[in-house]
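See structure below.
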Amino acid sequence: CSIYAKLFEAHPVQMKKIYEKWSKSKNPWQRRMSIVGIVYYFNLRRKYPSFSYFKKMILRQFNDSHTYV
């Protein structure tokens with residue numbers, strides 16, 4: 001997650017596209033990374049993506065059946 005957090009900081013537009021794609025993936029680990037990567041980024045930075053973006057990503061996974069998502 002630390003690598004993705006650094007990439008998010010350097011290239012937020014491109015990383016948002018990747019996180020969006022992962023959040024819709026059939027792979028539960030990619031869905032998990034779409035959330036964990038953003039949370040990890042929040043914990044290390046003072047500049048944040050919008051709350052509405054974060055909320056959208058969380059709500060998309062809210063009722064996921066996979067334990068680790």
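By order of appearance in the structure tokens: chains A, B, ..., then residues from 1 within every chain, and ligands from 1 in the order shown.
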- Residues near Asp64 of chain A, cut-off 12 Å, only C-alpha atoms, skip fewer than 4 positions along chain, as a ChimeraX atom specification: /A:23-29,31-32,58-60,68-69
- Item | Residue contacts of Glu20 of chain A (12 Å, only C-alpha atoms) excluding same-chain residues fewer than 2 positions away, as number ranges by chain | A: 12-18, 22-25, 30-35, 37-38, 53-54, 56-58, 60-61
- Message: If I take atom CA of Val39 of chain A and atom CA of Ala10 of chain A, how far is one from the other in Å, to one decimal?
- Response: 16.2 Å
- Query: What is the distance between atom CA of Glu9 of chain A and atom CA of Tyr40 of chain A, in Å to one decimal?
  - Reply: 11.5 Å
